[in-house]
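Have a look at the structure below, then the notes.
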Amino acid sequence: VNAYNQGVVDQPIYTIYLRKNIQNGDAGVITYGGVDSTNCGSVIAYQPLAKYDNYIIAFSGISYGSYANSSTYTTLVDSTSGSIGGPPSVIANMAKVVGAIHDEGYLFYQVDCDKKIPSFTFTIGGKQYTVDSNQQLGPKNATSNMCEWKFYSYVEDGFWIFGGPFAKSYCNIYDPGNKRVGFALPKGQ
Ligand SMILES: *[C@@H]1O[C@H](CO)[C@@H](O)[C@H](O)[C@H]1NC(C)=O
């Protein structure tokens, strides 16, 4: 906003593009002043903010393998968070689908690294989005064949935090002037 007010950037917009795989320390690009058309394809859609104090939007209808839930939800679009947080009952049911179990600290889940993982799909503004299985697992445990499962229970029912696995699947375009966020597929990956 300051850069825009000072005339340094063209538009009060920024884009966050995260590489699916970090290459030689290159984890992605933040573009200030517009849509990143170098790394991101055309914008699929913009979604109006549900609350203006943060990048919170409405979405609905999640599915994860044999589990589906047609509730409406809100989510914080948070590229800075490494995982996806969701309502405890929903995350518990999703964990059952892949046989994910809590780690010792009961904070995070782990899943067998060789388990077949379904896509996580949901609808934002009438368009379907997908976080593929290859974005859902973290590093393998040093002593077993268990991998971090990148979902966790957030305390509030109906509320999600869409972090890294979502931001790696779709460029996040923050447009506070128009009170909306947009999404685009990353190019060439
Ligand atoms: C569906 O989602 C709602 C909203 O988060 C939740 O309260 C409910 O428990 C979920 N139902 C199931 C069966 O997981």
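Residues in the structure tokens are named by chain (A, B, ... in the order shown) and by number from 1 within that chain; ligands are numbered from 1 in the order shown.
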
- DSSP says strand (DSSP E) for which residues of chain A? Put them as number ranges by chain? A: 14-23, 26-32, 40-48, 56-64, 67-77, 84-86, 101-102, 109-112, 120-124, 127-131, 137-140, 146-149, 151-153, 159-162, 171-175, 180-186

Please return as a CSV table (one decimal) with C-alpha atoms, in the first residue's frame the residues found within 10 Å of ligand 1, counting only C-alpha atoms and all ligand atoms.
```csv
chain,number,residue,atom,x,y,z
A,60,SER,CA,-17.8,-24.8,0.1
A,61,GLY,CA,-18.1,-28.5,-0.6
A,62,ILE,CA,-14.9,-30.3,0.2
A,67,TYR,CA,-15.2,-38.4,2.5
A,68,ALA,CA,-17.2,-35.4,1.4
A,69,ASN,CA,-18.8,-32.5,3.2
A,70,SER,CA,-21.0,-30.0,1.5
A,71,SER,CA,-20.9,-27.3,4.3
A,72,THR,CA,-19.9,-23.7,3.6
A,73,TYR,CA,-16.7,-22.6,5.2
A,74,THR,CA,-14.4,-19.6,5.4
A,86,GLY,CA,-9.3,-27.1,9.1
A,87,PRO,CA,-12.2,-27.9,11.5
A,88,PRO,CA,-11.4,-30.7,13.9
A,89,SER,CA,-14.3,-33.0,12.9
A,90,VAL,CA,-13.5,-32.6,9.2
A,91,ILE,CA,-9.7,-33.1,9.6
A,92,ALA,CA,-10.4,-36.2,11.8
A,93,ASN,CA,-12.6,-37.7,9.1
A,94,MET,CA,-10.0,-36.8,6.4
A,156,GLU,CA,-12.7,-23.1,15.1
A,157,ASP,CA,-15.5,-25.1,13.4
A,158,GLY,CA,-16.1,-24.0,9.8
A,159,PHE,CA,-12.8,-22.1,9.6
A,160,TRP,CA,-9.7,-23.1,7.5
```

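Of the residues listed (A:His102, A:Lys140, A:Lys51, A:Lys116), A:Lys116 shows the shortest atom-to-atom separation from Gly65 of chain A; distances use only C-alpha atoms.
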
- Between atom CA of Asn134 of chain A and atom CA of Lys115 of chain A, distance in Å (one decimal): 11.6 Å

- Query: Which one is closest to Tyr17 of chain A: A:Asn39, A:Asn2, A:Ser153, A:Thr143? Count only C-alpha atoms.
  - Reply: A:Asn39

- Could you please determine the separation between atom CA of Tyr46 of chain A and atom CA of Gly125 of chain A in Å, to one decimal place? 8.2 Å

- Determine, counting only C-alpha atoms, which protein, DNA and RNA residues have an atom within 7 Å of an atom of Gly85 of chain A; residues of the same chain fewer than 3 positions away are not included. Present the result as a VMD selection string. chain A and resid 151 to 154 160 to 162

- Query: Smallest atom-to-atom distance to Val29 of chain A: which of A:Ser79, A:Asn54, A:Gln6, A:Thr130, using only C-alpha atoms?
  - Reply: A:Ser79

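Here atom CA of Ala167 of chain A stands at a distance of 13.6 Å from atom CA of Ile22 of chain A.
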
- Who sits within 12 Å of Arg19 of chain A, only C-alpha atoms, same chain under 2 positions skipped, as a PyMOL selection string: chain A and resi 16-17+21-30+39-40+79+135+164-171+185-189

Dump of C-alpha atoms for the selected residues, as a JSON list (two decimals), in the first residue's frame:
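Final output, selection.json:
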```json
[["chain", "number", "residue", "atom", "x", "y", "z"],
["A", 16, "ILE", "CA", 2.75, -14.88, -4.43],
["A", 17, "TYR", "CA", 4.06, -17.73, -6.55],
["A", 21, "ASN", "CA", 9.96, -27.90, -5.52],
["A", 22, "ILE", "CA", 12.63, -25.50, -4.29],
["A", 23, "GLN", "CA", 15.44, -25.32, -6.85],
["A", 24, "ASN", "CA", 18.90, -24.14, -5.77],
["A", 25, "GLY", "CA", 17.35, -22.09, -2.98],
["A", 26, "ASP", "CA", 14.75, -20.56, -5.33],
["A", 27, "ALA", "CA", 11.43, -21.05, -3.54],
["A", 28, "GLY", "CA", 9.29, -18.68, -5.59],
["A", 29, "VAL", "CA", 8.59, -15.06, -6.39],
["A", 30, "ILE", "CA", 6.66, -12.22, -4.77],
["A", 39, "ASN", "CA", 5.13, -17.56, -13.45],
["A", 40, "CYS", "CA", 1.34, -17.68, -13.34],
["A", 79, "SER", "CA", 0.77, -18.36, 1.77],
["A", 135, "GLN", "CA", 1.48, -31.34, -2.15],
["A", 164, "GLY", "CA", 1.56, -23.78, 1.48],
["A", 165, "PRO", "CA", -0.05, -26.84, -0.14],
["A", 166, "PHE", "CA", -2.72, -24.54, -1.61],
["A", 167, "ALA", "CA", -0.29, -21.71, -2.46],
["A", 168, "LYS", "CA", 1.96, -24.18, -4.30],
["A", 169, "SER", "CA", -1.03, -25.42, -6.27],
["A", 170, "TYR", "CA", -2.33, -21.95, -7.23],
["A", 171, "CYS", "CA", -0.66, -18.54, -7.44],
["A", 185, "LEU", "CA", -2.36, -22.07, -12.09],
["A", 186, "PRO", "CA", 1.42, -21.80, -12.02],
["A", 187, "LYS", "CA", 3.00, -22.08, -15.47],
["A", 188, "GLY", "CA", 5.10, -24.97, -16.69],
["A", 189, "GLN", "CA", 5.06, -27.29, -13.69]]
```

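Considering the residues A:Gly126, A:Val155, A:Val181, A:Phe120 and counting only C-alpha atoms, Ala50 of chain A has its shortest atom-to-atom contact with A:Val181.
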
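Take the candidates A:Tyr4, A:Phe59, A:Tyr109, A:Tyr14 and check each one against Asp175 of chain A using only C-alpha atoms; the shortest distance goes to A:Tyr14.
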
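Within segment 2-161 of chain A, DSSP applied to the backbone places the following residues in helix (DSSP H, G or I): A:Asn2, A:Ala3, A:Tyr4, A:Asn5, A:Pro88, A:Ser89, A:Val90, A:Ile91, A:Ala92, A:Asn93, A:Met94, A:Ala95, A:Lys96, A:Val97, A:Val98, A:Ser133, A:Asn134, A:Gln135.
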
Would you save the residues of that selection, restricted to all heavy atoms, as a compact mmCIF listing (two decimals), in the first residue's frame?
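Once everything was written out, this is again_28.txt:
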```
# COMPACT_ATOMS: atom_id res chain seq x y z
N ASN A 2 1.93 1.23 0.82
CA ASN A 2 2.84 2.38 0.83
C ASN A 2 3.51 2.58 -0.52
O ASN A 2 3.63 3.71 -1.01
CB ASN A 2 3.92 2.21 1.91
CG ASN A 2 3.38 2.49 3.31
OD1 ASN A 2 2.37 3.17 3.44
ND2 ASN A 2 4.03 1.95 4.30
N ALA A 3 3.94 1.47 -1.13
CA ALA A 3 4.61 1.57 -2.44
C ALA A 3 3.64 2.14 -3.48
O ALA A 3 4.02 2.98 -4.31
CB ALA A 3 5.11 0.20 -2.88
N TYR A 4 2.38 1.73 -3.41
CA TYR A 4 1.38 2.24 -4.35
C TYR A 4 1.14 3.73 -4.10
O TYR A 4 1.12 4.53 -5.03
CB TYR A 4 0.08 1.45 -4.19
CG TYR A 4 -1.03 1.98 -5.07
CD1 TYR A 4 -0.99 1.81 -6.45
CD2 TYR A 4 -2.13 2.65 -4.51
CE1 TYR A 4 -2.00 2.30 -7.26
CE2 TYR A 4 -3.14 3.13 -5.31
CZ TYR A 4 -3.07 2.97 -6.68
OH TYR A 4 -4.07 3.45 -7.47
N ASN A 5 0.99 4.10 -2.82
CA ASN A 5 0.75 5.51 -2.49
C ASN A 5 1.90 6.40 -2.92
O ASN A 5 1.71 7.57 -3.24
CB ASN A 5 0.49 5.66 -0.98
CG ASN A 5 -0.87 5.09 -0.59
OD1 ASN A 5 -1.74 4.90 -1.44
ND2 ASN A 5 -1.04 4.79 0.69
N PRO A 88 -11.79 -29.42 13.35
CA PRO A 88 -11.36 -30.69 13.93
C PRO A 88 -12.15 -31.91 13.44
O PRO A 88 -11.55 -32.93 13.11
CB PRO A 88 -11.57 -30.46 15.43
CG PRO A 88 -11.41 -28.99 15.61
CD PRO A 88 -11.95 -28.36 14.36
N SER A 89 -13.48 -31.81 13.34
CA SER A 89 -14.26 -32.99 12.92
C SER A 89 -13.95 -33.36 11.48
O SER A 89 -13.87 -34.54 11.11
CB SER A 89 -15.76 -32.73 13.09
OG SER A 89 -16.16 -31.60 12.33
N VAL A 90 -13.74 -32.33 10.64
CA VAL A 90 -13.47 -32.58 9.22
C VAL A 90 -12.07 -33.18 9.05
O VAL A 90 -11.89 -34.18 8.33
CB VAL A 90 -13.60 -31.26 8.42
CG1 VAL A 90 -13.23 -31.48 6.96
CG2 VAL A 90 -15.01 -30.71 8.54
N ILE A 91 -11.10 -32.61 9.75
CA ILE A 91 -9.73 -33.12 9.64
C ILE A 91 -9.66 -34.55 10.16
O ILE A 91 -8.99 -35.41 9.58
CB ILE A 91 -8.74 -32.19 10.40
CG1 ILE A 91 -8.72 -30.79 9.77
CG2 ILE A 91 -7.35 -32.80 10.45
CD1 ILE A 91 -8.21 -30.73 8.34
N ALA A 92 -10.39 -34.83 11.25
CA ALA A 92 -10.39 -36.20 11.79
C ALA A 92 -10.95 -37.18 10.77
O ALA A 92 -10.43 -38.29 10.60
CB ALA A 92 -11.19 -36.25 13.09
N ASN A 93 -12.00 -36.79 10.07
CA ASN A 93 -12.58 -37.67 9.05
C ASN A 93 -11.67 -37.82 7.84
O ASN A 93 -11.59 -38.90 7.24
CB ASN A 93 -13.97 -37.16 8.63
CG ASN A 93 -15.04 -37.56 9.64
OD1 ASN A 93 -15.04 -38.69 10.11
ND2 ASN A 93 -15.91 -36.63 9.98
N MET A 94 -10.99 -36.75 7.47
CA MET A 94 -10.03 -36.84 6.35
C MET A 94 -8.85 -37.73 6.75
O MET A 94 -8.34 -38.50 5.93
CB MET A 94 -9.53 -35.44 5.97
CG MET A 94 -10.58 -34.61 5.24
SD MET A 94 -10.05 -32.90 4.96
CE MET A 94 -8.54 -33.11 4.02
N ALA A 95 -8.43 -37.63 8.01
CA ALA A 95 -7.31 -38.45 8.48
C ALA A 95 -7.65 -39.93 8.39
O ALA A 95 -6.82 -40.76 8.03
CB ALA A 95 -6.95 -38.07 9.92
N LYS A 96 -8.94 -40.25 8.67
CA LYS A 96 -9.37 -41.65 8.59
C LYS A 96 -9.24 -42.20 7.17
O LYS A 96 -8.91 -43.36 6.98
CB LYS A 96 -10.85 -41.77 9.02
CG LYS A 96 -11.03 -41.94 10.52
CD LYS A 96 -12.48 -42.22 10.85
CE LYS A 96 -12.80 -41.70 12.24
NZ LYS A 96 -14.20 -41.32 12.43
N VAL A 97 -9.48 -41.35 6.18
CA VAL A 97 -9.43 -41.78 4.78
C VAL A 97 -8.04 -42.31 4.42
O VAL A 97 -7.92 -43.29 3.70
CB VAL A 97 -9.82 -40.61 3.83
CG1 VAL A 97 -9.55 -40.96 2.37
CG2 VAL A 97 -11.29 -40.23 4.03
N VAL A 98 -7.00 -41.66 4.94
CA VAL A 98 -5.64 -42.06 4.57
C VAL A 98 -4.92 -42.80 5.70
O VAL A 98 -3.75 -43.14 5.59
CB VAL A 98 -4.79 -40.83 4.14
CG1 VAL A 98 -5.31 -40.27 2.83
CG2 VAL A 98 -4.76 -39.76 5.22
N SER A 133 -2.18 -34.86 -4.41
CA SER A 133 -1.50 -35.67 -3.38
C SER A 133 -0.04 -35.26 -3.21
O SER A 133 0.49 -35.27 -2.10
CB SER A 133 -1.58 -37.14 -3.76
OG SER A 133 -1.05 -37.33 -5.06
N ASN A 134 0.62 -34.85 -4.30
CA ASN A 134 2.06 -34.53 -4.18
C ASN A 134 2.34 -33.26 -3.38
O ASN A 134 3.49 -32.96 -3.08
CB ASN A 134 2.74 -34.48 -5.55
CG ASN A 134 2.10 -33.49 -6.49
OD1 ASN A 134 1.32 -32.63 -6.07
ND2 ASN A 134 2.39 -33.59 -7.77
N GLN A 135 1.29 -32.51 -3.02
CA GLN A 135 1.48 -31.34 -2.15
C GLN A 135 1.12 -31.63 -0.70
O GLN A 135 1.20 -30.74 0.15
CB GLN A 135 0.63 -30.16 -2.64
CG GLN A 135 1.04 -29.62 -3.99
CD GLN A 135 2.52 -29.32 -4.05
OE1 GLN A 135 3.10 -28.76 -3.13
NE2 GLN A 135 3.15 -29.72 -5.14
```

- Query: Got a sec: who's within 10 Å of Val111 of chain A, counting only C-alpha atoms, leaving out chain neighbours fewer than 2 positions off, as a PyMOL selection string?
  - Reply: chain A and resi 95+98-103+109+113-115+117+137-138+140-141+145-150
